[in-house]
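Undergrad: I'm passing along upload_29.pdb; it holds PDB, C-alpha atoms.
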```pdb
ATOM      1  CA  MET A 178     -18.350  17.280   6.368  1.00  0.00           C
ATOM      2  CA  ALA A 179     -15.164  16.811   4.323  1.00  0.00           C
ATOM      3  CA  ARG A 180     -13.631  14.622   7.055  1.00  0.00           C
ATOM      4  CA  HIS A 181     -16.821  12.543   7.204  1.00  0.00           C
ATOM      5  CA  ALA A 182     -16.772  12.100   3.426  1.00  0.00           C
ATOM      6  CA  LEU A 183     -13.123  11.022   3.521  1.00  0.00           C
ATOM      7  CA  ARG A 184     -13.839   8.482   6.267  1.00  0.00           C
ATOM      8  CA  ASN A 185     -16.675   7.009   4.206  1.00  0.00           C
ATOM      9  CA  ARG A 186     -14.482   6.905   1.101  1.00  0.00           C
ATOM     10  CA  LEU A 187     -11.635   5.171   2.902  1.00  0.00           C
ATOM     11  CA  LEU A 188     -14.025   2.645   4.400  1.00  0.00           C
ATOM     12  CA  THR A 189     -15.468   2.014   0.940  1.00  0.00           C
ATOM     13  CA  THR A 190     -11.994   1.439  -0.463  1.00  0.00           C
ATOM     14  CA  LEU A 191     -11.130  -0.942   2.364  1.00  0.00           C
ATOM     15  CA  THR A 192     -14.416  -2.795   1.971  1.00  0.00           C
ATOM     16  CA  ALA A 193     -13.734  -3.258  -1.725  1.00  0.00           C
ATOM     17  CA  CYS A 194     -10.463  -4.979  -0.778  1.00  0.00           C
ATOM     18  CA  LEU A 195     -11.887  -6.999   2.101  1.00  0.00           C
ATOM     19  CA  ALA A 196     -13.003 -10.127   0.262  1.00  0.00           C
ATOM     20  CA  SER A 197      -9.545 -10.767  -1.141  1.00  0.00           C
ATOM     21  CA  ALA A 198      -7.853  -9.622   2.053  1.00  0.00           C
ATOM     22  CA  VAL A 199      -9.784 -12.053   4.223  1.00  0.00           C
ATOM     23  CA  ALA A 200      -8.966 -14.945   1.937  1.00  0.00           C
ATOM     24  CA  ALA A 201      -5.319 -13.951   1.756  1.00  0.00           C
ATOM     25  CA  GLY A 202      -5.126 -13.255   5.461  1.00  0.00           C
ATOM     26  CA  ALA A 203      -6.578 -16.646   6.314  1.00  0.00           C
ATOM     27  CA  VAL A 204      -3.610 -18.271   4.623  1.00  0.00           C
ATOM     28  CA  ALA A 205      -1.233 -16.212   6.729  1.00  0.00           C
ATOM     29  CA  VAL A 206      -2.941 -16.664  10.098  1.00  0.00           C
ATOM     30  CA  SER A 207      -1.151 -19.805  11.255  1.00  0.00           C
ATOM     31  CA  VAL A 208       2.277 -18.418  10.378  1.00  0.00           C
ATOM     32  CA  LEU A 209       2.059 -14.709  11.053  1.00  0.00           C
ATOM     33  CA  ASP A 210      -0.617 -14.163  13.701  1.00  0.00           C
ATOM     34  CA  ARG A 211       1.512 -15.069  16.707  1.00  0.00           C
ATOM     35  CA  ASP A 212      -0.385 -13.026  19.274  1.00  0.00           C
ATOM     36  CA  HIS A 213      -4.009 -13.821  18.487  1.00  0.00           C
ATOM     37  CA  GLY A 214      -6.410 -13.440  21.373  1.00  0.00           C
ATOM     38  CA  HIS A 215      -4.365 -10.866  23.279  1.00  0.00           C
ATOM     39  CA  ASP A 216      -5.332  -7.220  23.472  1.00  0.00           C
ATOM     40  CA  HIS A 217      -2.565  -4.692  24.044  1.00  0.00           C
ATOM     41  CA  ASP A 218      -3.489  -1.049  24.590  1.00  0.00           C
ATOM     42  CA  ASP A 219      -0.151   0.106  23.201  1.00  0.00           C
ATOM     43  CA  HIS A 220      -0.592  -1.688  19.898  1.00  0.00           C
ATOM     44  CA  ALA A 221      -1.628   0.020  16.692  1.00  0.00           C
ATOM     45  CA  HIS A 222      -5.292   0.214  15.771  1.00  0.00           C
ATOM     46  CA  ILE A 223      -7.204   0.817  12.557  1.00  0.00           C
ATOM     47  CA  ASP A 224      -7.692   4.526  11.840  1.00  0.00           C
ATOM     48  CA  THR A 225      -9.717   5.416   8.743  1.00  0.00           C
ATOM     49  CA  THR A 226      -9.738   9.158   9.418  1.00  0.00           C
ATOM     50  CA  ASN A 227      -6.708   9.500   7.145  1.00  0.00           C
ATOM     51  CA  GLY A 228      -4.888   7.556   4.477  1.00  0.00           C
ATOM     52  CA  LEU A 229      -2.233   6.127   6.806  1.00  0.00           C
ATOM     53  CA  LEU A 230      -4.871   3.664   8.115  1.00  0.00           C
ATOM     54  CA  VAL A 231      -3.241   2.822  11.469  1.00  0.00           C
ATOM     55  CA  THR A 232      -2.515   4.811  14.621  1.00  0.00           C
ATOM     56  CA  ASN A 233       1.230   4.096  14.738  1.00  0.00           C
ATOM     57  CA  ARG A 234       1.945   6.079  11.547  1.00  0.00           C
ATOM     58  CA  SER A 235       2.378   9.835  11.472  1.00  0.00           C
ATOM     59  CA  SER A 236       3.545  10.386   7.890  1.00  0.00           C
ATOM     60  CA  LEU A 237       3.400   8.706   4.505  1.00  0.00           C
ATOM     61  CA  ARG A 238       6.306   6.336   4.065  1.00  0.00           C
ATOM     62  CA  MET A 239       6.944   3.838   1.293  1.00  0.00           C
ATOM     63  CA  CYS A 240       9.610   1.129   1.238  1.00  0.00           C
ATOM     64  CA  VAL A 241      11.143   0.210  -2.097  1.00  0.00           C
ATOM     65  CA  GLU A 242      12.490  -3.204  -3.089  1.00  0.00           C
ATOM     66  CA  VAL A 243      14.691  -3.089  -6.187  1.00  0.00           C
ATOM     67  CA  GLY A 244      16.442  -5.822  -8.118  1.00  0.00           C
ATOM     68  CA  GLY A 245      20.194  -6.232  -8.217  1.00  0.00           C
ATOM     69  CA  GLY A 246      22.099  -3.812 -10.407  1.00  0.00           C
ATOM     70  CA  THR A 247      19.252  -1.290 -10.396  1.00  0.00           C
ATOM     71  CA  ASP A 248      19.914   2.399  -9.788  1.00  0.00           C
ATOM     72  CA  GLY A 249      18.055   3.007  -6.544  1.00  0.00           C
ATOM     73  CA  GLN A 250      18.411   6.784  -6.671  1.00  0.00           C
ATOM     74  CA  ALA A 251      16.914   6.934 -10.158  1.00  0.00           C
ATOM     75  CA  ILE A 252      13.988   4.807  -8.957  1.00  0.00           C
ATOM     76  CA  HIS A 253      13.400   7.166  -6.032  1.00  0.00           C
ATOM     77  CA  THR A 254      13.429  10.109  -8.432  1.00  0.00           C
ATOM     78  CA  ASP A 255      10.894   8.417 -10.709  1.00  0.00           C
ATOM     79  CA  LEU A 256       8.636   7.455  -7.791  1.00  0.00           C
ATOM     80  CA  LEU A 257       8.674  10.995  -6.421  1.00  0.00           C
ATOM     81  CA  ALA A 258       7.707  12.275  -9.864  1.00  0.00           C
ATOM     82  CA  GLY A 259       4.800   9.823  -9.883  1.00  0.00           C
ATOM     83  CA  LEU A 260       3.808  10.962  -6.394  1.00  0.00           C
ATOM     84  CA  ASP A 261       3.796  14.564  -7.596  1.00  0.00           C
ATOM     85  CA  GLN A 262       1.181  13.503 -10.136  1.00  0.00           C
ATOM     86  CA  ALA A 263      -0.787  11.451  -7.587  1.00  0.00           C
ATOM     87  CA  ARG A 264      -0.895  14.416  -5.202  1.00  0.00           C
ATOM     88  CA  ARG A 265      -3.128  16.224  -7.688  1.00  0.00           C
ATOM     89  CA  ASP A 266      -5.924  13.811  -6.808  1.00  0.00           C
ATOM     90  CA  PRO A 267      -8.770  15.661  -5.036  1.00  0.00           C
ATOM     91  CA  ASN A 268      -8.672  13.148  -2.170  1.00  0.00           C
ATOM     92  CA  TRP A 269      -4.972  13.689  -1.434  1.00  0.00           C
ATOM     93  CA  THR A 270      -5.321  16.604   0.988  1.00  0.00           C
ATOM     94  CA  GLY A 271      -7.775  14.820   3.248  1.00  0.00           C
ATOM     95  CA  ALA A 272      -5.844  11.549   3.180  1.00  0.00           C
ATOM     96  CA  TYR A 273      -2.262  12.782   3.503  1.00  0.00           C
ATOM     97  CA  GLY A 274      -1.925  16.547   3.095  1.00  0.00           C
ATOM     98  CA  LYS A 275       1.176  18.595   3.831  1.00  0.00           C
ATOM     99  CA  ALA A 276       1.528  17.453   7.440  1.00  0.00           C
ATOM    100  CA  ARG A 277       1.652  13.770   6.518  1.00  0.00           C
ATOM    101  CA  PHE A 278       3.961  13.927   3.491  1.00  0.00           C
ATOM    102  CA  ASP A 279       7.598  14.951   3.212  1.00  0.00           C
ATOM    103  CA  PRO A 280       9.375  14.031  -0.052  1.00  0.00           C
ATOM    104  CA  ALA A 281      12.693  13.894   1.807  1.00  0.00           C
ATOM    105  CA  THR A 282      11.558  11.034   4.062  1.00  0.00           C
ATOM    106  CA  ALA A 283       8.769   9.383   2.060  1.00  0.00           C
ATOM    107  CA  LEU A 284      10.916   6.690   0.394  1.00  0.00           C
ATOM    108  CA  THR A 285      13.152   4.092   2.048  1.00  0.00           C
ATOM    109  CA  THR A 286      15.257   1.576   0.145  1.00  0.00           C
ATOM    110  CA  GLY A 287      14.469  -1.958   1.288  1.00  0.00           C
ATOM    111  CA  CYS A 288      11.355  -3.371   2.942  1.00  0.00           C
ATOM    112  CA  PRO A 289      11.530  -5.120   6.339  1.00  0.00           C
ATOM    113  CA  ALA A 290      10.037  -8.448   5.233  1.00  0.00           C
ATOM    114  CA  PRO A 291       9.713  -8.550   1.443  1.00  0.00           C
ATOM    115  CA  ASN A 292       7.592 -11.327   0.036  1.00  0.00           C
ATOM    116  CA  LEU A 293       7.457 -11.350  -3.734  1.00  0.00           C
ATOM    117  CA  PRO A 294       4.589 -13.564  -4.962  1.00  0.00           C
ATOM    118  CA  ASP A 295       4.876 -16.057  -7.798  1.00  0.00           C
ATOM    119  CA  ARG A 296       2.004 -14.288  -9.523  1.00  0.00           C
ATOM    120  CA  VAL A 297      -0.438 -11.508  -8.670  1.00  0.00           C
ATOM    121  CA  GLU A 298      -3.947 -12.858  -8.197  1.00  0.00           C
ATOM    122  CA  ARG A 299      -7.056 -11.738  -6.311  1.00  0.00           C
ATOM    123  CA  THR A 300      -5.840 -13.102  -2.963  1.00  0.00           C
ATOM    124  CA  THR A 301      -2.161 -12.247  -3.338  1.00  0.00           C
ATOM    125  CA  VAL A 302      -0.228 -11.037  -0.298  1.00  0.00           C
ATOM    126  CA  ALA A 303       3.081  -9.347  -1.120  1.00  0.00           C
ATOM    127  CA  GLY A 304       4.418  -8.616   2.347  1.00  0.00           C
ATOM    128  CA  PRO A 305       4.192  -9.887   5.932  1.00  0.00           C
ATOM    129  CA  GLY A 306       0.433 -10.518   5.796  1.00  0.00           C
ATOM    130  CA  LEU A 307      -1.540 -10.557   9.044  1.00  0.00           C
ATOM    131  CA  THR A 308       0.117  -8.651  11.896  1.00  0.00           C
ATOM    132  CA  ASP A 309      -0.706  -6.769  15.091  1.00  0.00           C
ATOM    133  CA  ASP A 310       2.358  -4.550  14.662  1.00  0.00           C
ATOM    134  CA  PRO A 311       2.157  -2.969  11.195  1.00  0.00           C
ATOM    135  CA  SER A 312       5.256  -1.452   9.662  1.00  0.00           C
ATOM    136  CA  PRO A 313       5.681   2.303   9.134  1.00  0.00           C
ATOM    137  CA  TYR A 314       5.222   1.735   5.412  1.00  0.00           C
ATOM    138  CA  ARG A 315       1.821   2.478   3.906  1.00  0.00           C
ATOM    139  CA  VAL A 316       2.996   1.220   0.498  1.00  0.00           C
ATOM    140  CA  TRP A 317       5.536  -1.503  -0.292  1.00  0.00           C
ATOM    141  CA  VAL A 318       6.952  -0.957  -3.780  1.00  0.00           C
ATOM    142  CA  TYR A 319       8.452  -3.888  -5.678  1.00  0.00           C
ATOM    143  CA  VAL A 320      10.346  -2.730  -8.766  1.00  0.00           C
ATOM    144  CA  LEU A 321      10.564  -5.576 -11.271  1.00  0.00           C
ATOM    145  CA  ASP A 322      12.718  -6.173 -14.314  1.00  0.00           C
ATOM    146  CA  ASP A 323      10.856  -7.245 -17.454  1.00  0.00           C
ATOM    147  CA  PRO A 324      11.317 -11.043 -17.133  1.00  0.00           C
ATOM    148  CA  THR A 325      10.186 -10.971 -13.493  1.00  0.00           C
ATOM    149  CA  ALA A 326       7.281  -8.666 -14.317  1.00  0.00           C
ATOM    150  CA  ASP A 327       6.152 -10.935 -17.157  1.00  0.00           C
ATOM    151  CA  ARG A 328       6.082 -13.873 -14.731  1.00  0.00           C
ATOM    152  CA  ILE A 329       4.394 -12.122 -11.814  1.00  0.00           C
ATOM    153  CA  LEU A 330       2.164  -9.531 -13.486  1.00  0.00           C
ATOM    154  CA  GLY A 331       1.623 -11.127 -16.875  1.00  0.00           C
ATOM    155  CA  VAL A 332       3.256 -10.418 -20.216  1.00  0.00           C
ATOM    156  CA  GLY A 333       3.229  -6.697 -20.939  1.00  0.00           C
ATOM    157  CA  ARG A 334       1.239  -5.701 -17.843  1.00  0.00           C
ATOM    158  CA  PRO A 335       2.899  -2.594 -16.371  1.00  0.00           C
ATOM    159  CA  ALA A 336       1.832  -2.725 -12.715  1.00  0.00           C
ATOM    160  CA  ASP A 337      -0.621  -4.109 -10.199  1.00  0.00           C
ATOM    161  CA  VAL A 338      -1.653  -3.641  -6.584  1.00  0.00           C
ATOM    162  CA  ALA A 339      -1.910  -6.267  -3.847  1.00  0.00           C
ATOM    163  CA  THR A 340      -2.149  -6.436  -0.057  1.00  0.00           C
ATOM    164  CA  ALA A 341       1.069  -6.183   1.970  1.00  0.00           C
ATOM    165  CA  GLU A 342      -0.143  -6.085   5.595  1.00  0.00           C
ATOM    166  CA  LEU A 343      -3.459  -6.749   7.323  1.00  0.00           C
ATOM    167  CA  MET A 344      -4.758  -6.233  10.847  1.00  0.00           C
ATOM    168  CA  ARG A 345      -7.560  -7.986  12.678  1.00  0.00           C
ATOM    169  CA  GLU A 346     -10.073  -5.673  14.299  1.00  0.00           C
ATOM    170  CA  ALA A 347     -13.752  -6.133  15.194  1.00  0.00           C
ATOM    171  CA  ASN A 348     -13.601  -9.772  14.068  1.00  0.00           C
ATOM    172  CA  SER A 349     -12.516  -8.779  10.564  1.00  0.00           C
ATOM    173  CA  MET A 350      -9.203  -8.479   8.768  1.00  0.00           C
ATOM    174  CA  TRP A 351      -8.404  -5.161   7.116  1.00  0.00           C
ATOM    175  CA  PRO A 352      -5.606  -4.300   4.682  1.00  0.00           C
ATOM    176  CA  VAL A 353      -3.451  -1.549   6.197  1.00  0.00           C
ATOM    177  CA  SER A 354      -0.497  -1.606   3.787  1.00  0.00           C
ATOM    178  CA  THR A 355      -0.569  -1.982   0.035  1.00  0.00           C
ATOM    179  CA  ALA A 356       1.977  -3.552  -2.292  1.00  0.00           C
ATOM    180  CA  LEU A 357       2.682  -1.869  -5.605  1.00  0.00           C
ATOM    181  CA  LEU A 358       4.363  -4.216  -8.074  1.00  0.00           C
ATOM    182  CA  VAL A 359       5.650  -2.240 -11.036  1.00  0.00           C
ATOM    183  CA  ARG A 360       7.935  -2.667 -14.037  1.00  0.00           C
ATOM    184  CA  ARG A 361      11.098  -0.615 -13.880  1.00  0.00           C
ATOM    185  CA  SER A 362      10.476   0.649 -17.409  1.00  0.00           C
ATOM    186  CA  HIS A 363       6.990   1.851 -16.413  1.00  0.00           C
ATOM    187  CA  LEU A 364       8.314   4.101 -13.648  1.00  0.00           C
ATOM    188  CA  THR A 365       9.959   6.478 -16.102  1.00  0.00           C
ATOM    189  CA  ASP A 366       6.531   7.786 -17.181  1.00  0.00           C
ATOM    190  CA  ALA A 367       5.175   9.665 -14.157  1.00  0.00           C
ATOM    191  CA  ALA A 368       1.776  10.297 -15.724  1.00  0.00           C
ATOM    192  CA  ALA A 369       1.355   6.594 -16.524  1.00  0.00           C
ATOM    193  CA  VAL A 370       2.381   5.318 -13.094  1.00  0.00           C
ATOM    194  CA  ALA A 371       0.348   7.901 -11.143  1.00  0.00           C
ATOM    195  CA  PRO A 372      -3.017   6.066 -11.459  1.00  0.00           C
ATOM    196  CA  THR A 373      -1.530   2.902  -9.961  1.00  0.00           C
ATOM    197  CA  LEU A 374       0.060   4.959  -7.194  1.00  0.00           C
ATOM    198  CA  ARG A 375      -3.349   6.504  -6.478  1.00  0.00           C
ATOM    199  CA  ALA A 376      -4.821   3.024  -6.137  1.00  0.00           C
ATOM    200  CA  ALA A 377      -1.961   1.863  -3.900  1.00  0.00           C
ATOM    201  CA  LEU A 378      -2.481   4.920  -1.688  1.00  0.00           C
ATOM    202  CA  GLY A 379      -6.224   4.301  -1.393  1.00  0.00           C
ATOM    203  CA  LEU A 380      -7.183   7.482  -3.237  1.00  0.00           C
ATOM    204  CA  VAL A 381      -9.180   5.444  -5.756  1.00  0.00           C
ATOM    205  CA  ARG A 382     -10.263   1.834  -5.855  1.00  0.00           C
ATOM    206  CA  VAL A 383      -7.942  -0.618  -7.527  1.00  0.00           C
ATOM    207  CA  HIS A 384      -8.534  -0.599 -11.309  1.00  0.00           C
ATOM    208  CA  GLN A 385     -10.784   2.474 -11.005  1.00  0.00           C
ATOM    209  CA  GLU A 386      -9.857   5.404 -13.205  1.00  0.00           C
ATOM    210  CA  PRO A 387      -9.315   8.629 -11.236  1.00  0.00           C
ATOM    211  CA  ALA A 388     -11.545  11.610 -11.807  1.00  0.00           C
ATOM    212  CA  PRO A 389     -10.127  14.117 -14.311  1.00  0.00           C
TER     213      PRO A 389
END
```
Just give me the structure of the file as structure tokens.

TA:
Amino acid sequence: MARHALRNRLLTTLTACLASAVAAGAVAVSVLDRDHGHDHDDHAHIDTTNGLLVTNRSSLRMCVEVGGGTDGQAIHTDLLAGLDQARRDPNWTGAYGKARFDPATALTTGCPAPNLPDRVERTTVAGPGLTDDPSPYRVWVYVLDDPTADRILGVGRPADVATAELMREANSMWPVSTALLVRRSHLTDAAAVAPTLRAALGLVRVHQEPAP
């Protein structure tokens, strides 16, 4: 019953993102969908039975893009503190659990194809976009200095969530990786950043407050 409830919740979260994902994915089709029309049994497939979302992932991994002159180790420490808070969400165990999360390997500095948008909007893609070979990274974290954050997120806005990667399956496009765009100064408050991390991880809908 719990697994069935999790599957329904994950599908609901994906469906809530679908309208923007389809629009964003359509922009990326001509550039990034280089293998359309071919079915390969060894390729990844959508898997909503857990929070990793695709079959080629076995553990939660997040890549982290940081600006020049930024202390990467301090950012990793702050993100892990935020993840400690996010792991208190009641949906965490079903989505990731102990077997799918190891703090020692969860964070990697540098994303394979970073794509920082000019501004976060409903259809923003902050990553490779449509692909049939999704990366190992469930979340792509972009750590922004204040001037960059003001331009991309809006003046004073601490963080936002966008789509990083999508896959086409059953004639639809589904987001399978999320981008978290966050101010560096915001990361120092684990309790404040945890709700956005929950949204990026699919534990709650974007802009939905988590249950107490």

Undergrad: Under the rule of at most 8 Å, produce a per-residue listing of stretch 280-362 of chain A near stretch 367-376 of chain A: chain, number, name, the closest pair of atoms, and the distance in Å, as a Markdown table, using only C-alpha atoms.

TA:
```
| residue | atom | partner | partner_atom | distance |
| --- | --- | --- | --- | --- |
| A:Ala336 | CA | A:Thr373 | CA | 7.1 |
| A:Asp337 | CA | A:Thr373 | CA | 7.1 |
| A:Val338 | CA | A:Thr373 | CA | 7.4 |
| A:Leu357 | CA | A:Leu374 | CA | 7.5 |
```

Undergrad: Write the selection just made, keeping C-alpha atoms, as a short mmCIF file (atom, residue, chain, number, x, y, z; two decimals), in the frame of the given file?

TA:
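Final file, result.cif:
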```cif
data_model
loop_
_atom_site.label_atom_id
_atom_site.label_comp_id
_atom_site.auth_asym_id
_atom_site.auth_seq_id
_atom_site.Cartn_x
_atom_site.Cartn_y
_atom_site.Cartn_z
CA ALA A 336 1.83 -2.72 -12.72
CA ASP A 337 -0.62 -4.11 -10.20
CA VAL A 338 -1.65 -3.64 -6.58
CA LEU A 357 2.68 -1.87 -5.60
#
```

Undergrad: Rank A:Ala251, A:Ala341, A:Ala303, A:Met239 by their smallest atom-to-atom distance to A:Thr365, using all atoms listed in the file, and report the top residue only.

TA: A:Ala251

Undergrad: Tell me which of A:Gly228, A:Gly244, A:Gly274, A:Gly306 sits closest to A:Leu321, counting only C-alpha atoms.

TA: A:Gly244

Undergrad: Nearest residue to A:Pro335 out of A:Pro311, A:Arg360, A:Trp351, A:Val318, using all atoms listed in the file?

TA: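 Of all the options, A:Arg360 lies closest to A:Pro335.
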
Undergrad: I would like the residues chosen by the PyMOL selection byres ((chain A and resi 380) around 8) on the shown file; could you give them as an mmCIF file with C-alpha atoms, in the frame of the given file?

TA:
```
data_model
loop_
_atom_site.group_PDB
_atom_site.id
_atom_site.type_symbol
_atom_site.label_atom_id
_atom_site.label_comp_id
_atom_site.auth_asym_id
_atom_site.auth_seq_id
_atom_site.Cartn_x
_atom_site.Cartn_y
_atom_site.Cartn_z
ATOM 1 C CA LEU A 187 -11.635 5.171 2.902
ATOM 2 C CA ASP A 266 -5.924 13.811 -6.808
ATOM 3 C CA ASN A 268 -8.672 13.148 -2.170
ATOM 4 C CA TRP A 269 -4.972 13.689 -1.434
ATOM 5 C CA ALA A 272 -5.844 11.549 3.180
ATOM 6 C CA ARG A 375 -3.349 6.504 -6.478
ATOM 7 C CA ALA A 376 -4.821 3.024 -6.137
ATOM 8 C CA ALA A 377 -1.961 1.863 -3.900
ATOM 9 C CA LEU A 378 -2.481 4.920 -1.688
ATOM 10 C CA GLY A 379 -6.224 4.301 -1.393
ATOM 11 C CA VAL A 381 -9.180 5.444 -5.756
ATOM 12 C CA ARG A 382 -10.263 1.834 -5.855
#
```

Undergrad: List the residues matched by the PyMOL selection byres ((chain A and resi 290-299) around 6) in the displayed structure as a PDB file with C-alpha atoms, in the frame of the given file, ordered by chain and then by residue number.

TA:
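Result file follows (expr15.pdb):
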```
ATOM      1  CA  SER A 197      -9.545 -10.767  -1.141  1.00  0.00           C
ATOM      2  CA  CYS A 288      11.355  -3.371   2.942  1.00  0.00           C
ATOM      3  CA  PRO A 289      11.530  -5.120   6.339  1.00  0.00           C
ATOM      4  CA  THR A 300      -5.840 -13.102  -2.963  1.00  0.00           C
ATOM      5  CA  THR A 301      -2.161 -12.247  -3.338  1.00  0.00           C
ATOM      6  CA  ALA A 303       3.081  -9.347  -1.120  1.00  0.00           C
ATOM      7  CA  GLY A 304       4.418  -8.616   2.347  1.00  0.00           C
ATOM      8  CA  ILE A 329       4.394 -12.122 -11.814  1.00  0.00           C
ATOM      9  CA  LEU A 330       2.164  -9.531 -13.486  1.00  0.00           C
TER      10      LEU A 330
END
```

Undergrad: Could you expand the PyMOL selection byres ((chain A and resi 276-284) around 9) into the explicit residues it covers here, written as a list in words?

TA: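 Applying the expression gives Leu229, Ser235, Ser236, Leu237, Arg238, Met239, Cys240, Val241, His253, Leu256, Leu257, Leu260, Ala272, Tyr273, Gly274, Lys275, Thr285 and Thr286 of chain A.
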
Undergrad: Which value, in Å to one decimal, gives the distance between atom CA of A:Pro313 and atom CA of A:Gly271?

TA: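 Here the two named atoms are 19.3 Å from each other.
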
Undergrad: Can you measure atom CA of A:Thr308 to atom CA of A:Pro352 for me? One decimal in Å is fine.

TA: 10.2 Å

Undergrad: Ranking A:Val231, A:Ala356, A:Met350, A:Ala339 by minimum distance to A:Trp317 and counting all atoms listed in the file, which one comes first?

TA: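 Of the candidates, the smallest distance to A:Trp317 is held by A:Ala356.
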
Undergrad: Could you check which of A:Gln250, A:Gln262, A:Asn348, A:Ser362 is closest to A:Asp322, using all atoms listed in the file?

TA: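 The answer is A:Ser362, which sits nearest to A:Asp322.
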
Undergrad: A:Val320: which residues within 6 Å, counting all atoms listed in the file, same-chain residues fewer than 2 positions away excluded, as a list in words?

TA: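 Residues near the query, excluding close chain neighbours: Val243, Val359, Arg360 and Arg361 of chain A.
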
Undergrad: Please compute the atom CA of A:Ile252-atom CA of A:Glu342 distance, one decimal, in Å.

TA: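 Separation of atom CA of A:Ile252 and atom CA of A:Glu342: 23.0 Å.
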
Undergrad: So, counting all atoms listed in the file, which residue among A:Thr225, A:Thr270, A:Thr325, A:Thr355 is closest to A:Ser312?

TA: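 With all atoms listed in the file as the atom set, the closest residue is A:Thr355.
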
Undergrad: Neighbouring residues of A:Asp310 were defined as those with any atom within 10 Å, considering all atoms listed in the file; residues of the same chain fewer than 5 positions away were excluded. Please report them as an NGL selection string.

TA: :A and (220-222 or 231 or 233 or 342-344)

Undergrad: Padding 5 Å on each side, edges along x, y and z: where is the centre of the box around the listed atoms of stretch 291-298 of chain A, and how long are its edges in Å to one decimal? Output it as AutoDock Vina command-line options.

TA:
```
--center_x 2.9 --center_y -12.3 --center_z -4.0 --size_x 23.7 --size_y 17.5 --size_z 21.0
```
